[in-house]
>>> print(open('input15.tsv').read())   # TSV, C-alpha atoms
chain	number	residue	atom	x	y	z
J	1	GLU	CA	-14.87	6.67	-13.01
J	2	ALA	CA	-11.98	4.29	-12.34
J	3	GLN	CA	-12.37	2.79	-8.92
J	4	VAL	CA	-11.81	-0.11	-6.54
J	5	THR	CA	-14.85	-0.82	-4.39
J	6	GLN	CA	-14.63	-2.65	-1.09
J	7	ASN	CA	-17.48	-3.76	1.12
J	8	PRO	CA	-18.23	-3.47	3.92
J	9	ARG	CA	-16.36	-0.38	5.13
J	10	TYR	CA	-16.74	-1.35	8.76
J	11	LEU	CA	-17.33	-4.76	10.31
J	12	ILE	CA	-17.50	-6.00	13.87
J	13	THR	CA	-17.70	-9.74	14.31
J	14	VAL	CA	-16.96	-12.48	16.80
J	15	THR	CA	-14.25	-15.10	16.86
J	16	GLY	CA	-14.92	-18.01	14.54
J	17	LYS	CA	-17.72	-16.50	12.49
J	18	LYS	CA	-16.85	-16.76	8.81
J	19	LEU	CA	-16.84	-13.52	6.85
J	20	THR	CA	-16.11	-12.25	3.36
J	21	VAL	CA	-14.88	-8.83	2.32
J	22	THR	CA	-15.65	-8.09	-1.30
J	23	CYS	CA	-13.47	-6.17	-3.73
J	24	SER	CA	-14.34	-5.14	-7.25
J	25	GLN	CA	-12.48	-3.03	-9.82
J	26	ASN	CA	-13.80	-1.52	-13.05
J	27	MET	CA	-10.48	-0.90	-14.80
J	28	ASN	CA	-9.93	-4.36	-16.34
J	29	HIS	CA	-6.75	-4.70	-14.25
J	30	GLU	CA	-4.96	-8.02	-14.19
J	31	TYR	CA	-3.17	-7.71	-10.84
J	32	MET	CA	-5.10	-7.46	-7.59
J	33	SER	CA	-3.93	-7.53	-3.97
J	34	TRP	CA	-5.14	-7.58	-0.43
J	35	TYR	CA	-3.23	-5.75	2.30
J	36	ARG	CA	-3.63	-5.31	6.00
J	37	GLN	CA	-2.45	-2.16	7.72
J	38	ASP	CA	-1.42	-2.17	11.36
J	39	PRO	CA	0.17	0.67	13.36
J	40	GLY	CA	3.95	0.69	13.01
J	41	LEU	CA	3.93	-2.13	10.49
J	42	GLY	CA	2.85	-0.35	7.33
J	43	LEU	CA	0.94	-2.29	4.69
J	44	ARG	CA	1.58	-5.98	4.41
J	45	GLN	CA	0.46	-7.97	1.41
J	46	ILE	CA	-1.80	-10.89	2.32
J	47	TYR	CA	-2.48	-12.40	-1.09
J	48	TYR	CA	-2.14	-11.27	-4.66
J	49	SER	CA	-3.46	-12.42	-8.00
J	50	MET	CA	-1.74	-11.84	-11.30
J	51	ASN	CA	-4.75	-12.89	-13.33
J	52	VAL	CA	-7.95	-14.94	-13.26
J	53	GLU	CA	-7.53	-18.26	-11.43
J	54	VAL	CA	-3.98	-17.32	-10.37
J	55	THR	CA	-3.42	-16.45	-6.71
J	56	ASP	CA	-0.26	-16.34	-4.61
J	57	LYS	CA	0.57	-15.89	-0.97
J	58	GLY	CA	1.96	-12.61	0.19
J	59	ASP	CA	3.74	-11.89	3.41
J	60	VAL	CA	0.94	-12.70	5.87
J	61	PRO	CA	-1.46	-15.24	4.32
J	62	GLU	CA	-2.22	-17.32	7.43
J	63	GLY	CA	-5.91	-17.32	8.30
J	64	TYR	CA	-7.04	-15.87	4.97
J	65	LYS	CA	-8.33	-17.24	1.67
J	66	VAL	CA	-8.94	-15.56	-1.65
J	67	SER	CA	-10.37	-16.47	-5.02
J	68	ARG	CA	-10.20	-14.94	-8.49
J	69	LYS	CA	-12.94	-16.42	-10.60
J	70	GLU	CA	-13.51	-13.21	-12.55
J	71	LYS	CA	-11.09	-10.49	-13.51
J	72	ARG	CA	-12.98	-7.73	-11.70
J	73	ASN	CA	-13.58	-9.46	-8.33
J	74	PHE	CA	-11.14	-10.55	-5.64
J	75	PRO	CA	-12.90	-11.41	-2.37
J	76	LEU	CA	-11.03	-11.93	0.91
J	77	ILE	CA	-12.37	-14.74	3.08
J	78	LEU	CA	-11.74	-15.25	6.78
J	79	GLU	CA	-12.97	-18.77	7.52
J	80	SER	CA	-12.52	-18.53	11.29
J	81	PRO	CA	-11.58	-14.97	12.30
J	82	SER	CA	-9.50	-14.41	15.40
J	83	PRO	CA	-8.80	-11.21	17.37
J	84	ASN	CA	-5.30	-10.90	15.85
J	85	GLN	CA	-7.01	-10.31	12.50
J	86	THR	CA	-8.46	-7.05	13.79
J	87	SER	CA	-7.00	-4.57	11.34
J	88	LEU	CA	-7.59	-2.15	8.47
J	89	TYR	CA	-7.78	-4.00	5.15
J	90	PHE	CA	-7.20	-2.58	1.69
J	91	CYS	CA	-7.81	-4.07	-1.70
J	92	ALA	CA	-5.76	-2.74	-4.61
J	93	SER	CA	-5.49	-3.31	-8.33
J	94	THR	CA	-2.94	-2.50	-10.99
J	95	MET	CA	-2.73	-3.06	-14.70
J	96	THR	CA	0.28	-5.34	-15.05
J	97	GLY	CA	2.02	-6.56	-11.92
J	98	GLY	CA	4.41	-4.03	-10.46
J	99	LEU	CA	4.79	-1.76	-13.43
J	100	GLY	CA	1.77	0.33	-12.82
J	101	ILE	CA	-0.14	2.49	-10.43
J	102	GLN	CA	-1.84	0.62	-7.62
J	103	TYR	CA	-5.37	1.89	-7.07
J	104	PHE	CA	-6.62	1.28	-3.56
J	105	GLY	CA	-10.12	0.78	-2.25
J	106	ALA	CA	-11.38	2.93	0.62
J	107	GLY	CA	-10.57	0.25	3.18
J	108	THR	CA	-12.44	-2.10	5.52
J	109	ARG	CA	-11.98	-1.69	9.23
J	110	LEU	CA	-12.48	-5.08	10.86
J	111	SER	CA	-12.82	-5.78	14.57
J	112	VAL	CA	-12.88	-9.38	15.77
J	113	LEU	CA	-14.10	-9.74	19.35
I	1	GLY	CA	13.09	-12.49	4.16
I	2	GLN	CA	12.55	-9.34	2.17
I	3	GLN	CA	12.40	-6.16	4.22
I	4	VAL	CA	11.77	-2.55	3.35
I	5	MET	CA	12.66	-0.17	6.14
I	6	GLN	CA	11.60	3.45	6.21
I	7	ILE	CA	12.85	6.27	8.44
I	8	PRO	CA	11.90	8.30	10.29
I	9	GLN	CA	8.65	6.86	11.59
I	10	TYR	CA	7.37	10.30	12.57
I	11	GLN	CA	8.37	13.82	11.59
I	12	HIS	CA	7.02	17.11	12.86
I	13	VAL	CA	8.00	20.23	10.93
I	14	GLN	CA	7.09	23.89	10.94
I	15	GLU	CA	5.28	24.98	7.83
I	16	GLY	CA	7.88	26.09	5.31
I	17	GLU	CA	10.58	23.68	6.49
I	18	ASP	CA	11.83	20.85	4.33
I	19	PHE	CA	11.10	17.15	4.91
I	20	THR	CA	12.82	13.97	3.82
I	21	THR	CA	11.92	10.31	4.25
I	22	TYR	CA	14.25	7.44	3.41
I	23	CYS	CA	13.50	3.93	2.26
I	24	ASN	CA	15.97	1.02	2.34
I	25	SER	CA	15.51	-2.48	0.97
I	26	SER	CA	17.39	-5.62	1.96
I	27	THR	CA	17.41	-6.71	-1.68
I	28	THR	CA	17.58	-5.11	-5.13
I	29	LEU	CA	14.28	-3.78	-6.39
I	30	SER	CA	13.00	-3.76	-9.97
I	31	ASN	CA	11.18	-0.53	-9.21
I	32	ILE	CA	9.96	1.56	-6.32
I	33	GLN	CA	6.72	3.43	-5.86
I	34	TRP	CA	5.72	6.16	-3.42
I	35	TYR	CA	2.27	6.62	-1.94
I	36	LYS	CA	0.62	9.21	0.30
I	37	GLN	CA	-2.11	8.35	2.77
I	38	ARG	CA	-4.08	11.18	4.33
I	39	PRO	CA	-5.47	10.59	7.84
I	40	GLY	CA	-8.50	8.33	7.54
I	41	GLY	CA	-7.88	7.75	3.85
I	42	HIS	CA	-6.38	5.19	1.56
I	43	PRO	CA	-2.93	5.18	-0.08
I	44	VAL	CA	-2.73	7.27	-3.23
I	45	PHE	CA	-0.01	6.75	-5.81
I	46	LEU	CA	2.53	9.55	-6.17
I	47	ILE	CA	5.25	8.25	-8.46
I	48	GLN	CA	7.19	5.24	-9.74
I	49	LEU	CA	10.95	5.05	-10.24
I	50	VAL	CA	12.47	2.32	-12.38
I	51	LYS	CA	16.01	3.25	-13.38
I	52	SER	CA	19.12	3.18	-11.25
I	53	GLY	CA	19.98	6.70	-10.06
I	54	GLU	CA	16.67	8.09	-11.33
I	55	VAL	CA	15.48	11.45	-10.02
I	56	LYS	CA	11.96	12.75	-10.60
I	57	LYS	CA	10.29	15.95	-9.48
I	58	GLN	CA	6.67	16.85	-8.92
I	59	LYS	CA	6.43	20.52	-7.98
I	60	ARG	CA	7.89	20.64	-4.43
I	61	LEU	CA	8.46	16.87	-4.24
I	62	THR	CA	11.73	15.25	-5.35
I	63	PHE	CA	12.09	11.48	-5.57
I	64	GLN	CA	15.36	9.57	-5.94
I	65	PHE	CA	16.18	5.93	-6.63
I	66	GLY	CA	19.61	4.79	-5.51
I	67	GLU	CA	22.33	3.59	-7.85
I	68	ALA	CA	22.15	0.07	-6.43
I	69	LYS	CA	18.32	0.11	-6.62
I	70	LYS	CA	18.10	-0.72	-2.92
I	71	ASN	CA	17.23	2.68	-1.51
I	72	SER	CA	15.07	5.66	-2.28
I	73	SER	CA	14.13	9.02	-0.82
I	74	LEU	CA	11.33	11.54	-0.98
I	75	HIS	CA	12.13	15.18	-0.27
I	76	ILE	CA	9.51	17.89	0.14
I	77	THR	CA	10.65	21.49	-0.10
I	78	ALA	CA	8.88	24.17	1.91
I	79	THR	CA	6.18	21.98	3.44
I	80	GLN	CA	2.57	23.11	3.51
I	81	THR	CA	-0.31	21.98	5.70
I	82	THR	CA	-1.68	20.07	2.72
I	83	ASP	CA	1.39	17.80	2.88
I	84	VAL	CA	0.16	16.22	6.13
I	85	GLY	CA	-0.16	12.44	5.93
I	86	THR	CA	1.81	9.24	5.91
I	87	TYR	CA	4.24	8.58	3.07
I	88	PHE	CA	4.98	5.01	2.06
I	89	CYS	CA	7.50	3.53	-0.29
I	90	ALA	CA	6.68	0.22	-1.97
I	91	GLY	CA	9.29	-1.96	-3.59
I	92	LEU	CA	8.92	-4.79	-6.05
I	93	PRO	CA	11.74	-7.35	-6.06
I	94	GLY	CA	9.57	-9.87	-7.92
I	95	ASN	CA	5.81	-10.12	-8.23
I	96	GLN	CA	5.09	-9.18	-4.64
I	97	PHE	CA	4.87	-5.67	-3.25
I	98	TYR	CA	6.75	-4.81	-0.06
I	99	PHE	CA	5.75	-1.59	1.65
I	100	GLY	CA	7.89	0.40	4.00
I	101	THR	CA	6.56	1.11	7.48
I	102	GLY	CA	5.73	4.68	6.49
I	103	THR	CA	6.67	8.16	7.71
I	104	SER	CA	3.93	10.17	9.33
I	105	LEU	CA	4.36	13.87	8.58
I	106	THR	CA	2.83	16.57	10.77
I	107	VAL	CA	3.07	20.16	9.58
I	108	ILE	CA	2.69	22.83	12.25
I	109	PRO	CA	1.18	26.06	10.89
>>> encode(input="input15.tsv", output="structure tokens")
Amino acid sequence: EAQVTQNPRYLITVTGKKLTVTCSQNMNHEYMSWYRQDPGLGLRQIYYSMNVEVTDKGDVPEGYKVSRKEKRNFPLILESPSPNQTSLYFCASTMTGGLGIQYFGAGTRLSVL
Amino acid sequence: GQQVMQIPQYQHVQEGEDFTTYCNSSTTLSNIQWYKQRPGGHPVFLIQLVKSGEVKKQKRLTFQFGEAKKNSSLHITATQTTDVGTYFCAGLPGNQFYFGTGTSLTVIP
């Protein structure tokens, strides 16, 4: 079954404690993204990757890091989380950039205290 | 910077009424996609429009892409309770996706 898997689904942490949210897809997609969703703001792209070892900043990259060492995995790293990073995060993948369906993971709800 | 605005933010309709959401971009888009997100769920792809003036239909849903490729609309005819959710447009002016703020649809039985 084609899917994008994110872990964990829920996470409560404290300010400054480094965390990683994993994302994996089994569709051999080239393009992967991370979004955050906040009420009234829709989905905003944090980072995207057009292929292995290629990552680019999206609209709201401050405070986040990503890596793309393998095609299937695209982890999101918060080196020093702050309360303003409390949000719902989605990973998504698509075959070739913007000319394809984006498949979303189930989401990770993060609370930073 | 690039902006994609979507209106209305909320819409309440009686079951059987029609519903329309509008999406406007500050710049020309290469394509536009529409997604539906059920409460508590993740966005699910509905359709992609690529050509200027394109119109596509999926049963009761009609999607349009403007002639200038800067605006789009989604129209639902005779809403049903299964249509409840938030509808997002997503535009691609380059390699980066820009989502609209979404329209939350409530259908009153």
>>> atom_distance(input="input15.tsv", atom1="CA of Arg38 (chain I)", atom2="CA of Val50 (chain I)")
25.1 Å
>>> interface_residues(input="input15.tsv", of="chain J", to="chain I", cutoff="12 Å", atoms="only C-alpha atoms", output="PyMOL selection string")
chain J and resi 4-6+9+31-50+55-60+88-94+96-109
>>> atom_distance(input="input15.tsv", atom1="CA of Thr106 (chain I)", atom2="CA of Thr62 (chain I)")
18.5 Å
>>> atom_distance(input="input15.tsv", atom1="CA of Thr13 (chain J)", atom2="CA of Pro81 (chain J)")
8.3 Å
>>> closest_residue(input="input15.tsv", among="I:Val55, I:Ile108, I:Ile7, I:Leu29", to="Thr82 (chain I)", atoms="all atoms listed in the file")
I:Ile108
>>> closest_residue(input="input15.tsv", among="I:Ser73, I:Ser52, I:Ser104, I:Gln14", to="Thr28 (chain I)", atoms="all atoms listed in the file")
I:Ser52
